[in-house]
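Trainee: Following this line is target_18.txt, made up of compact mmCIF, C-alpha atoms:
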# COMPACT_ATOMS: atom_id res chain seq x y z
CA MET H 1 22.44 25.24 -1.35
CA THR H 2 21.71 21.72 -0.21
CA VAL H 3 21.56 20.27 3.26
CA ASP H 4 23.02 16.82 3.84
CA LEU H 5 20.28 15.03 5.70
CA GLY H 6 22.38 11.93 6.09
CA LEU H 7 20.14 9.74 3.94
CA PRO H 8 21.65 6.56 2.50
CA GLU H 9 22.07 6.30 -1.25
CA ALA H 10 20.01 3.12 -1.26
CA LEU H 11 17.53 2.21 1.43
CA PRO H 12 18.38 -1.15 3.04
CA VAL H 13 15.70 -3.81 2.75
CA LEU H 14 15.29 -7.16 4.46
CA ALA H 15 15.29 -9.22 1.26
CA PRO H 16 15.51 -8.67 -2.50
CA ARG H 17 12.23 -8.73 -4.37
CA ARG H 18 11.05 -12.09 -5.66
CA LYS H 19 11.60 -12.17 -9.44
CA THR H 20 8.33 -11.99 -11.36
CA ARG H 21 6.89 -11.37 -14.77
CA GLN H 22 6.32 -7.68 -15.48
CA LEU H 23 2.96 -6.05 -16.17
CA ASP H 24 1.91 -2.66 -17.45
CA VAL H 25 -1.25 -1.59 -15.63
CA GLY H 26 -2.29 1.61 -17.30
CA GLY H 27 1.24 2.96 -17.30
CA VAL H 28 2.10 1.72 -13.81
CA GLY H 29 4.71 -1.01 -13.86
CA VAL H 30 3.82 -4.01 -11.71
CA GLY H 31 6.35 -6.69 -10.85
CA SER H 32 9.80 -7.10 -9.37
CA ASP H 33 11.36 -4.46 -11.65
CA HIS H 34 9.04 -1.81 -10.22
CA ARG H 35 8.20 -0.45 -6.81
CA VAL H 36 5.41 -2.05 -4.79
CA SER H 37 2.17 -0.27 -5.70
CA VAL H 38 -0.54 0.85 -3.30
CA GLN H 39 -4.12 0.20 -4.30
CA SER H 40 -7.52 1.01 -2.87
CA MET H 41 -11.13 0.65 -3.95
CA THR H 42 -13.83 3.25 -4.30
CA THR H 43 -16.90 3.07 -2.07
CA THR H 44 -19.14 5.14 -4.33
CA LEU H 45 -21.67 3.74 -6.75
CA THR H 46 -19.62 3.33 -9.88
CA ALA H 47 -22.62 4.44 -11.92
CA ASP H 48 -22.29 7.84 -10.22
CA VAL H 49 -19.42 8.99 -12.39
CA ASN H 50 -18.86 12.36 -10.71
CA ALA H 51 -18.83 10.95 -7.18
CA THR H 52 -16.51 8.14 -8.23
CA LEU H 53 -14.09 10.46 -9.99
CA GLN H 54 -14.11 12.78 -6.97
CA GLN H 55 -13.16 9.92 -4.68
CA ILE H 56 -10.49 8.76 -7.12
CA ALA H 57 -9.04 12.29 -7.10
CA GLU H 58 -8.88 12.20 -3.29
CA LEU H 59 -7.17 8.81 -3.38
CA THR H 60 -4.72 10.07 -5.98
CA ALA H 61 -3.83 13.05 -3.80
CA ALA H 62 -3.23 10.68 -0.88
CA GLY H 63 -0.70 8.70 -2.91
CA CYS H 64 -2.77 5.84 -4.33
CA ASP H 65 -1.16 4.27 -7.41
CA ILE H 66 -4.02 2.16 -8.78
CA VAL H 67 -7.74 2.20 -7.96
CA ARG H 68 -10.38 -0.51 -8.27
CA VAL H 69 -14.07 0.14 -8.94
CA ALA H 70 -16.95 -2.29 -8.51
CA CYS H 71 -19.01 -3.28 -11.52
CA PRO H 72 -22.02 -5.32 -10.39
CA SER H 73 -24.59 -3.84 -12.77
CA ALA H 74 -25.18 -2.65 -16.31
CA ASP H 75 -25.29 0.96 -15.11
CA ASP H 76 -21.84 0.52 -13.57
CA ALA H 77 -20.50 -1.02 -16.77
CA GLU H 78 -21.84 1.93 -18.78
CA ALA H 79 -19.97 4.33 -16.48
CA LEU H 80 -16.60 2.62 -16.93
CA PRO H 81 -15.48 4.38 -20.16
CA ALA H 82 -15.85 7.85 -18.64
CA ILE H 83 -14.18 6.84 -15.39
CA ALA H 84 -11.28 5.06 -17.09
CA LYS H 85 -10.71 8.04 -19.37
CA LYS H 86 -10.87 10.79 -16.74
CA SER H 87 -9.20 9.09 -13.77
CA GLN H 88 -5.72 10.40 -12.94
CA ILE H 89 -4.56 6.88 -12.00
CA PRO H 90 -5.17 3.47 -13.61
CA VAL H 91 -8.63 1.99 -13.01
CA ILE H 92 -9.21 -1.72 -12.44
CA ALA H 93 -12.73 -3.03 -12.90
CA ASP H 94 -13.82 -5.49 -10.20
CA ILE H 95 -16.02 -8.20 -11.71
CA HIS H 96 -18.14 -10.78 -9.92
CA PHE H 97 -20.97 -13.07 -11.02
CA GLN H 98 -21.47 -11.84 -14.62
CA PRO H 99 -18.74 -12.62 -17.19
CA LYS H 100 -20.25 -10.16 -19.67
CA TYR H 101 -18.95 -7.31 -17.53
CA VAL H 102 -15.39 -8.55 -18.03
CA PHE H 103 -15.75 -7.81 -21.73
CA ALA H 104 -17.45 -4.49 -20.98
CA ALA H 105 -14.53 -3.45 -18.79
CA ILE H 106 -11.99 -4.39 -21.45
CA ASP H 107 -13.96 -2.48 -24.08
CA ALA H 108 -14.20 0.50 -21.72
CA GLY H 109 -10.44 0.87 -21.64
CA CYS H 110 -9.92 -0.13 -18.03
CA ALA H 111 -6.26 -0.58 -17.12
CA ALA H 112 -6.92 -4.11 -15.84
CA VAL H 113 -9.75 -6.38 -14.79
CA ARG H 114 -10.06 -8.29 -11.55
CA VAL H 115 -12.04 -11.51 -11.79
CA ASN H 116 -13.21 -13.80 -9.00
CA PRO H 117 -13.46 -17.25 -10.62
CA GLY H 118 -15.25 -18.72 -7.63
CA ASN H 119 -18.41 -16.69 -8.13
CA ILE H 120 -18.52 -15.96 -11.87
CA LYS H 121 -21.00 -18.19 -13.67
CA LYS H 122 -19.31 -20.78 -15.90
CA PHE H 123 -16.10 -18.74 -15.74
CA ASP H 124 -13.86 -21.57 -16.96
CA ASP H 125 -15.96 -21.87 -20.13
CA LYS H 126 -15.32 -18.19 -20.87
CA VAL H 127 -11.55 -18.13 -20.30
CA GLY H 128 -10.70 -18.51 -24.00
CA GLU H 129 -12.87 -15.56 -25.01
CA ILE H 130 -11.64 -13.43 -22.11
CA ALA H 131 -8.01 -14.25 -22.87
CA LYS H 132 -8.42 -13.23 -26.52
CA ALA H 133 -10.22 -9.98 -25.69
CA ALA H 134 -7.69 -9.07 -22.99
CA LYS H 135 -4.72 -9.96 -25.17
CA ASP H 136 -6.04 -7.94 -28.10
CA ALA H 137 -6.57 -4.92 -25.85
CA GLY H 138 -3.37 -5.35 -23.81
CA THR H 139 -5.40 -5.60 -20.62
CA PRO H 140 -3.91 -7.52 -17.67
CA ILE H 141 -6.14 -9.79 -15.61
CA ARG H 142 -6.00 -10.23 -11.85
CA ILE H 143 -7.18 -13.61 -10.66
CA GLY H 144 -8.53 -12.80 -7.22
CA VAL H 145 -9.26 -15.84 -5.06
CA ASN H 146 -11.00 -15.14 -1.77
CA ALA H 147 -11.54 -17.48 1.15
CA GLY H 148 -15.26 -16.75 1.09
CA SER H 149 -15.79 -17.61 -2.57
CA LEU H 150 -13.82 -20.71 -3.44
CA GLU H 151 -15.03 -22.89 -6.29
CA PRO H 152 -17.35 -25.60 -4.90
CA GLY H 153 -15.14 -28.46 -6.11
CA ILE H 154 -12.02 -27.14 -4.38
CA PHE H 155 -13.94 -26.30 -1.21
CA ALA H 156 -15.31 -29.86 -1.14
CA LYS H 157 -11.81 -31.28 -1.63
CA TYR H 158 -10.23 -29.38 1.27
CA GLY H 159 -13.24 -28.81 3.51
CA LYS H 160 -12.35 -25.17 4.08
CA ALA H 161 -10.26 -22.34 2.64
CA THR H 162 -6.82 -23.67 3.50
CA PRO H 163 -3.67 -22.12 2.03
CA GLU H 164 -3.39 -25.11 -0.28
CA ALA H 165 -6.97 -24.68 -1.45
CA LEU H 166 -6.49 -21.00 -2.24
CA VAL H 167 -3.29 -21.67 -4.17
CA GLU H 168 -4.74 -24.59 -6.12
CA SER H 169 -7.70 -22.48 -7.17
CA ALA H 170 -5.53 -19.58 -8.35
CA LEU H 171 -3.03 -21.70 -10.23
CA TRP H 172 -5.76 -23.72 -11.91
CA GLU H 173 -7.34 -20.57 -13.30
CA ALA H 174 -3.94 -19.21 -14.35
CA SER H 175 -3.25 -22.46 -16.19
CA LEU H 176 -6.46 -22.06 -18.18
CA PHE H 177 -5.33 -18.64 -19.36
CA SER H 178 -1.88 -20.03 -20.11
CA GLU H 179 -3.45 -22.62 -22.42
CA HIS H 180 -4.64 -19.68 -24.53
CA ASP H 181 -1.18 -18.09 -24.46
CA PHE H 182 -2.27 -15.34 -22.09
CA HIS H 183 0.23 -14.55 -19.35
CA ASP H 184 -0.45 -10.91 -18.32
CA ILE H 185 -1.76 -12.10 -14.99
CA LYS H 186 -1.53 -10.95 -11.40
CA ILE H 187 -2.78 -13.20 -8.59
CA SER H 188 -4.19 -12.66 -5.12
CA VAL H 189 -5.17 -15.31 -2.57
CA LYS H 190 -6.83 -13.39 0.24
CA HIS H 191 -7.95 -14.63 3.63
CA HIS H 192 -9.17 -12.82 6.74
CA ASP H 193 -6.65 -14.66 8.93
CA PRO H 194 -3.11 -13.26 8.53
CA VAL H 195 -1.40 -16.58 9.28
CA THR H 196 -3.43 -18.44 6.64
CA MET H 197 -2.96 -15.60 4.19
CA VAL H 198 0.82 -15.48 4.66
CA ARG H 199 1.18 -19.22 4.17
CA ALA H 200 -0.95 -19.12 1.03
CA TYR H 201 1.23 -16.44 -0.54
CA GLU H 202 4.40 -18.27 0.45
CA LEU H 203 3.15 -21.40 -1.30
CA LEU H 204 2.01 -19.39 -4.31
CA ALA H 205 5.36 -17.60 -4.59
CA GLU H 206 7.13 -20.96 -4.70
CA GLN H 207 5.00 -22.23 -7.57
CA CYS H 208 4.74 -19.38 -10.05
CA ASP H 209 6.42 -16.20 -11.24
CA TYR H 210 3.28 -14.10 -11.61
CA PRO H 211 3.18 -10.75 -9.76
CA LEU H 212 1.25 -11.04 -6.51
CA HIS H 213 -1.29 -8.64 -5.05
CA LEU H 214 -1.30 -8.80 -1.24
CA GLY H 215 -4.43 -8.40 0.85
CA VAL H 216 -5.95 -9.51 4.13
CA THR H 217 -9.59 -9.60 3.12
CA GLU H 218 -12.22 -8.20 5.48
CA ALA H 219 -9.46 -7.09 7.84
CA GLY H 220 -11.89 -5.10 9.96
CA PRO H 221 -12.11 -1.60 11.49
CA THR H 222 -9.15 0.75 11.23
CA PHE H 223 -7.13 -0.35 14.24
CA GLN H 224 -7.68 -4.08 13.87
CA GLY H 225 -7.33 -3.99 10.10
CA THR H 226 -4.13 -1.99 10.28
CA ILE H 227 -2.56 -4.46 12.71
CA LYS H 228 -3.62 -7.52 10.69
CA SER H 229 -2.49 -6.02 7.39
CA ALA H 230 0.83 -4.72 8.73
CA THR H 231 1.57 -8.10 10.30
CA ALA H 232 0.78 -10.08 7.15
CA PHE H 233 2.33 -7.66 4.68
CA GLY H 234 5.43 -7.25 6.81
CA ALA H 235 5.98 -11.00 6.97
CA LEU H 236 5.72 -11.32 3.18
CA LEU H 237 7.48 -8.13 2.11
CA ALA H 238 10.37 -9.06 4.43
CA LYS H 239 10.85 -12.08 2.15
CA GLY H 240 10.54 -10.03 -1.04
CA ILE H 241 7.02 -11.32 -1.74
CA GLY H 242 4.41 -8.84 -2.97
CA ASP H 243 4.09 -6.46 -5.90
CA THR H 244 0.91 -4.55 -5.13
CA ILE H 245 -0.96 -4.17 -1.84
CA ARG H 246 -4.39 -3.17 -0.66
CA VAL H 247 -5.20 -2.61 3.01
CA SER H 248 -8.86 -3.58 3.38
CA LEU H 249 -10.38 -1.47 6.14
CA SER H 250 -13.90 -0.74 7.32
CA ALA H 251 -12.98 2.92 6.94
CA PRO H 252 -12.80 5.56 4.20
CA PRO H 253 -10.53 4.31 1.41
CA ILE H 254 -8.11 7.20 1.89
CA GLU H 255 -7.20 5.56 5.22
CA GLU H 256 -6.32 2.37 3.34
CA VAL H 257 -3.85 4.34 1.25
CA ARG H 258 -2.28 6.05 4.25
CA VAL H 259 -1.80 2.76 6.06
CA GLY H 260 -0.47 1.04 2.95
CA LEU H 261 2.08 3.75 2.30
CA SER H 262 3.15 3.73 5.93
CA ILE H 263 3.72 -0.03 5.78
CA LEU H 264 5.90 0.33 2.68
CA GLU H 265 7.82 3.22 4.22
CA SER H 266 8.43 1.18 7.37
CA MET H 267 9.88 -1.62 5.22
CA ASN H 268 12.07 0.89 3.33
CA LEU H 269 10.15 0.09 0.15
CA ARG H 270 9.22 3.77 -0.21
CA PRO H 271 11.16 6.85 0.88
CA ARG H 272 9.97 7.67 4.37
CA LYS H 273 7.74 10.67 4.78
CA LEU H 274 6.57 12.26 8.01
CA GLU H 275 7.54 9.69 10.64
CA ILE H 276 6.98 10.17 14.33
CA VAL H 277 9.25 8.05 16.52
CA SER H 278 8.16 8.79 20.05
CA CYS H 279 8.76 7.20 23.41
CA PRO H 280 5.71 5.61 25.03
CA SER H 281 6.32 7.86 28.02
CA CYS H 282 7.02 6.64 31.53
CA GLY H 283 7.74 7.93 35.02
CA ARG H 284 11.01 9.45 33.76
CA ALA H 285 9.26 11.79 31.31
CA GLN H 286 9.43 15.42 32.32
CA VAL H 287 7.18 16.74 29.55
CA ASP H 288 3.83 15.73 28.10
CA VAL H 289 5.25 13.55 25.30
CA TYR H 290 1.84 12.72 23.80
CA LYS H 291 0.91 16.39 23.43
CA LEU H 292 4.34 17.31 22.14
CA ALA H 293 4.31 14.55 19.52
CA ASP H 294 0.83 15.45 18.28
CA GLU H 295 1.65 19.15 17.98
CA VAL H 296 4.92 18.58 16.13
CA THR H 297 3.20 16.13 13.76
CA ALA H 298 0.41 18.59 13.03
CA GLY H 299 2.87 21.43 12.50
CA LEU H 300 4.96 19.46 9.99
CA GLU H 301 2.14 17.80 8.10
CA GLY H 302 2.56 18.05 4.37
CA MET H 303 6.27 18.90 4.29
CA GLU H 304 7.89 17.31 1.23
CA VAL H 305 11.44 16.90 2.52
CA PRO H 306 12.56 13.62 4.16
CA LEU H 307 13.66 15.08 7.48
CA ARG H 308 14.23 13.09 10.66
CA VAL H 309 13.07 14.89 13.80
CA ALA H 310 13.40 13.42 17.29
CA VAL H 311 11.23 14.70 20.14
CA MET H 312 12.37 13.10 23.38
CA GLY H 313 10.74 13.27 26.77
CA CYS H 314 13.53 12.50 29.23
CA VAL H 315 17.29 12.53 29.74
CA VAL H 316 17.82 8.75 29.46
CA ASN H 317 17.48 8.23 25.69
CA GLY H 318 16.68 11.80 24.75
CA PRO H 319 20.10 13.31 24.00
CA GLY H 320 21.29 10.26 22.06
CA GLU H 321 18.15 10.02 19.93
CA ALA H 322 18.04 13.75 19.30
CA ARG H 323 21.70 13.80 18.38
CA ASP H 324 21.17 10.99 15.85
CA ALA H 325 18.38 12.83 14.03
CA ASP H 326 18.45 15.67 11.51
CA LEU H 327 16.53 17.75 14.00
CA GLY H 328 15.50 16.98 17.55
CA VAL H 329 14.82 18.00 21.10
CA ALA H 330 15.83 16.45 24.42
CA SER H 331 13.41 17.71 27.06
CA GLY H 332 13.62 18.02 30.82
CA ASN H 333 13.37 20.41 33.75
CA GLY H 334 10.95 22.66 31.90
CA LYS H 335 13.19 23.27 28.90
CA GLY H 336 14.44 21.58 25.75
CA GLN H 337 17.80 21.32 24.05
CA ILE H 338 17.38 21.74 20.30
CA PHE H 339 19.71 19.63 18.13
CA VAL H 340 20.45 20.09 14.43
CA LYS H 341 22.57 17.30 12.89
CA GLY H 342 23.80 16.23 16.29
CA GLU H 343 24.81 19.69 17.54
CA VAL H 344 22.98 21.65 20.24
CA ILE H 345 22.05 25.00 18.71
CA LYS H 346 19.93 26.43 21.51
CA THR H 347 17.99 25.71 24.68
CA VAL H 348 14.40 26.95 24.87
CA PRO H 349 11.62 26.92 27.48
CA GLU H 350 9.19 24.00 27.23
CA ALA H 351 6.45 26.30 25.92
CA GLN H 352 8.62 27.16 22.89
CA ILE H 353 9.74 23.64 21.92
CA VAL H 354 7.09 22.99 19.27
CA GLU H 355 7.38 26.42 17.67
CA THR H 356 11.18 26.16 17.57
CA LEU H 357 11.19 22.68 16.05
CA ILE H 358 8.75 23.70 13.35
CA ASP H 359 10.77 26.82 12.53
CA GLU H 360 13.99 24.82 12.29
CA ALA H 361 12.32 22.14 10.17
CA MET H 362 11.03 24.76 7.74
CA ARG H 363 14.49 26.32 7.57
CA LEU H 364 16.13 22.98 6.79
CA ALA H 365 13.47 22.18 4.21
CA GLU H 366 13.98 25.52 2.48
CA GLU H 367 17.76 25.07 2.43
CA ALA H 368 17.49 21.52 1.15
CA GLY H 369 15.27 22.51 -1.73
CA GLU H 370 12.85 20.10 -3.31
CA GLY H 371 14.66 17.66 -5.58
CA GLU H 372 18.13 18.51 -4.24
CA LEU H 373 18.28 16.09 -1.35
CA SER H 374 21.14 13.71 -0.85
CA GLY H 375 20.51 10.06 -1.63
CA GLY H 376 18.03 10.79 -4.43
CA GLN H 377 15.07 10.86 -2.06
CA ALA H 378 13.34 13.88 -3.56
CA GLY H 379 9.61 13.94 -3.13
CA GLY H 380 9.53 12.28 0.29
CA ALA H 381 8.25 14.23 3.27
CA PRO H 382 9.98 14.78 6.59
CA THR H 383 10.78 12.01 8.97
CA VAL H 384 9.95 13.02 12.49
CA SER H 385 11.14 10.83 15.34
CA VAL H 386 9.55 11.52 18.68
CA GLY H 387 10.87 9.60 21.62
Here is the file; what I need is its structure written in the form of structure tokens.
Mentor:
Amino acid sequence: MTVDLGLPEALPVLAPRRKTRQLDVGGVGVGSDHRVSVQSMTTTLTADVNATLQQIAELTAAGCDIVRVACPSADDAEALPAIAKKSQIPVIADIHFQPKYVFAAIDAGCAAVRVNPGNIKKFDDKVGEIAKAAKDAGTPIRIGVNAGSLEPGIFAKYGKATPEALVESALWEASLFSEHDFHDIKISVKHHDPVTMVRAYELLAEQCDYPLHLGVTEAGPTFQGTIKSATAFGALLAKGIGDTIRVSLSAPPIEEVRVGLSILESMNLRPRKLEIVSCPSCGRAQVDVYKLADEVTAGLEGMEVPLRVAVMGCVVNGPGEARDADLGVASGNGKGQIFVKGEVIKTVPEAQIVETLIDEAMRLAEEAGEGELSGGQAGGAPTVSVG
């Protein structure tokens, strides 16, 4: 038996994806023909193979699609073959300063290599060799330009890391690879300021058809970094710009993945999982909305059915929101009306609201059955709206 959760056959988006070249990054398709991928980066010493693989496993479980590992030393380079072979998701080697590690990463079987031309010694002189090695191995290259490491000549020309400077740097390097008939390239032009970053990607998108990796570099602690990344990514994804994303937070990398997925879900670029839509509370609220929202969220964590649950705190918007959800409650006067698909099925005391909602959610999830949901949204988790 299946339960019609009212999900659309195709999620509406604000704009079609910008058409790009297509890349294969270790089996993960990157480009406009594929979904936007979520990336993160390990914080372990890459040379510590076990610790790095453990963190990659945690990121994989959190939903990370592609992982990047730093390679600043010979010990790190020596660890790459084992990590690339045993990782459950594609591994990108992150190379700075030493071009020899680009070749080591390609030889190690990494799914791709990220290079920062601004701080790799005599990088332009090595492009021909890198292009040949990467082409022979089928290894894509990400040209990662950062505001803090522009080539001296471009920095001198513009005086600072303007959007135009970032784009000129990236396209110049891409042109060098193109001269050697190498086109398996992804580009990023990161800046810590969301406005500058957005403008740089807009300019870049106008001038090339390479897939673009979005990032606000050094975005900051969790709250600040989440806001800056969501603002910048939202502005670009709303225009169809962006093929992979990384939320750079001063926090454990698993938090980067969670935020990144949430951003994509909010843009309807991924099936929505557990979503809490809750009212901010006000003088009309007749229940503790904050406590109710937290308890419902905790009780439904991990459910794999895209279910919309509304938890409302007053009689103004409560009945309407609850009626519009798959499952919901409109609270007031010490009790709550429980709605399932717009119909009131029971009224319970306030103390039983959370328990009842969780029981009903589990019942709906069991009836729906994993993989049998309407709209082809199998594998998503519940959507909980709390208002």
Trainee: With all atoms listed in the file as the atoms that count, which of H:Pro306, H:Val198, H:Val115, H:Val296 lies nearest to Asp359 of chain H?
Mentor: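 Closest to Asp359 of chain H of all the choices is H:Val296.
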Trainee: So what do you get for atom CA of Arg68 of chain H versus atom CA of Ala112 of chain H, distance-wise?
Mentor: 9.1 Å
Trainee: Can you work out which one of H:Pro252, H:Thr347, H:Met362, H:Leu212 has the shortest atom-to-atom distance to Val30 of chain H, counting only C-alpha atoms?
Mentor: H:Leu212
Trainee: Hey, what's within 9 Å of Asp124 of chain H if we count only C-alpha atoms and toss same-chain stuff fewer than 6 positions away? As number ranges by chain, please?
Mentor: H: 117, 173, 176
Trainee: Can you write out the residues you just picked, keeping C-alpha atoms, as a compact mmCIF listing (two decimals), in the coordinates of the input?
Mentor:
# COMPACT_ATOMS: atom_id res chain seq x y z
CA PRO H 117 -13.46 -17.25 -10.62
CA GLU H 173 -7.34 -20.57 -13.30
CA LEU H 176 -6.46 -22.06 -18.18
Trainee: Any idea what's packed within 7 Å of Ala200 of chain H, counting only C-alpha atoms, ignoring anything in its chain fewer than 6 positions away? Could you give it as an MDAnalysis selection string?
Mentor: chainID H and resid 163:164 166:167 189
Trainee: Could you write out that same residue set with C-alpha atoms as a JSON list (two decimals), in the coordinates of the input?
Mentor:
[["chain", "number", "residue", "atom", "x", "y", "z"],
["H", 163, "PRO", "CA", -3.67, -22.12, 2.03],
["H", 164, "GLU", "CA", -3.39, -25.11, -0.28],
["H", 166, "LEU", "CA", -6.49, -21.00, -2.24],
["H", 167, "VAL", "CA", -3.29, -21.67, -4.17],
["H", 189, "VAL", "CA", -5.17, -15.31, -2.57]]
Trainee: So that each row is one residue of segment 187-233 of chain H with an atom at most 10 Å from segment 261-271 of chain H, can you give its shortest atom pair and the distance in Å to one decimal, using all atoms listed in the file, rows by chain and rising number, as a tab-separated table?
Mentor:
residue	atom	partner	partner_atom	distance
H:Thr226	CA	H:Ile263	CA	9.3
H:Ser229	CA	H:Ile263	CA	8.8
H:Ala230	CA	H:Ile263	CA	6.2
H:Thr231	CA	H:Ile263	CA	9.5
H:Phe233	CA	H:Ile263	CA	7.8
Trainee: Can you tell me which residues surround Gly225 of chain H at a distance of at most 8 Å, considering only C-alpha atoms, apart from same-chain residues fewer than 5 positions away, and format the answer as number ranges by chain?
Mentor: H: 218-220, 247-250
Trainee: Atom CA of Leu300 of chain H and atom CA of Glu366 of chain H, how far apart in Å?
Mentor: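 For atom CA of Glu366 of chain H relative to atom CA of Leu300 of chain H, the distance reads 13.2 Å.
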Trainee: What does the distance between atom CA of Gly31 of chain H and atom CA of Pro221 of chain H come to in Å, to one decimal place?
Mentor: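 Atom CA of Pro221 of chain H lies 29.4 Å from atom CA of Gly31 of chain H.
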Trainee: Quick one: of H:Asp24, H:Asp193, H:Glu256, H:Glu179, who's nearest to Asn146 of chain H, counting all atoms listed in the file?
Mentor: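 Ranking H:Asp24, H:Asp193, H:Glu256, H:Glu179 by distance to Asn146 of chain H, first place goes to H:Asp193.
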Trainee: Please report as a tab-separated table every residue of segment 213-318 of chain H lying within 12 Å of segment 44-56 of chain H, along with the nearest atom pair and their distance in Å (one decimal), using only C-alpha atoms.
Mentor:
residue	atom	partner	partner_atom	distance
H:Pro252	CA	H:Gln55	CA	9.9
H:Pro253	CA	H:Gln55	CA	8.7
H:Ile254	CA	H:Gln55	CA	8.7
H:Val257	CA	H:Ile56	CA	11.6
Trainee: For Glu255 of chain H, which residue out of H:Ser32, H:Gln39, H:Ser169, H:Thr20 is the nearest one, using only C-alpha atoms?
Mentor: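 With only C-alpha atoms as the atom set, the closest residue is H:Gln39.
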Trainee: Name the closest residue to His183 of chain H among the candidates H:His96, H:Lys85, H:Arg21, H:Lys122; distances are taken between atoms, counting only C-alpha atoms.
Mentor: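 Selected residue with least distance to His183 of chain H: H:Arg21.
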Trainee: Measuring atom to atom with only C-alpha atoms, identify which of H:Ile245, H:Ile143, H:Ile227, H:Leu150 is nearest to Ser188 of chain H.
Mentor: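 Distance minimum relative to Ser188 of chain H lands on H:Ile143.
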Trainee: Compile the contact shell of Ala165 of chain H as a list of chain:residue names: residues with an atom at most 10 Å away, counting only C-alpha atoms, same-chain residues fewer than 6 positions apart removed.
Mentor: H:Val145, H:Ala147, H:Leu150, H:Glu151, H:Ile154, H:Phe155, H:Ala156, H:Lys157, H:Tyr158, H:Gly159, H:Val189, H:Ala200
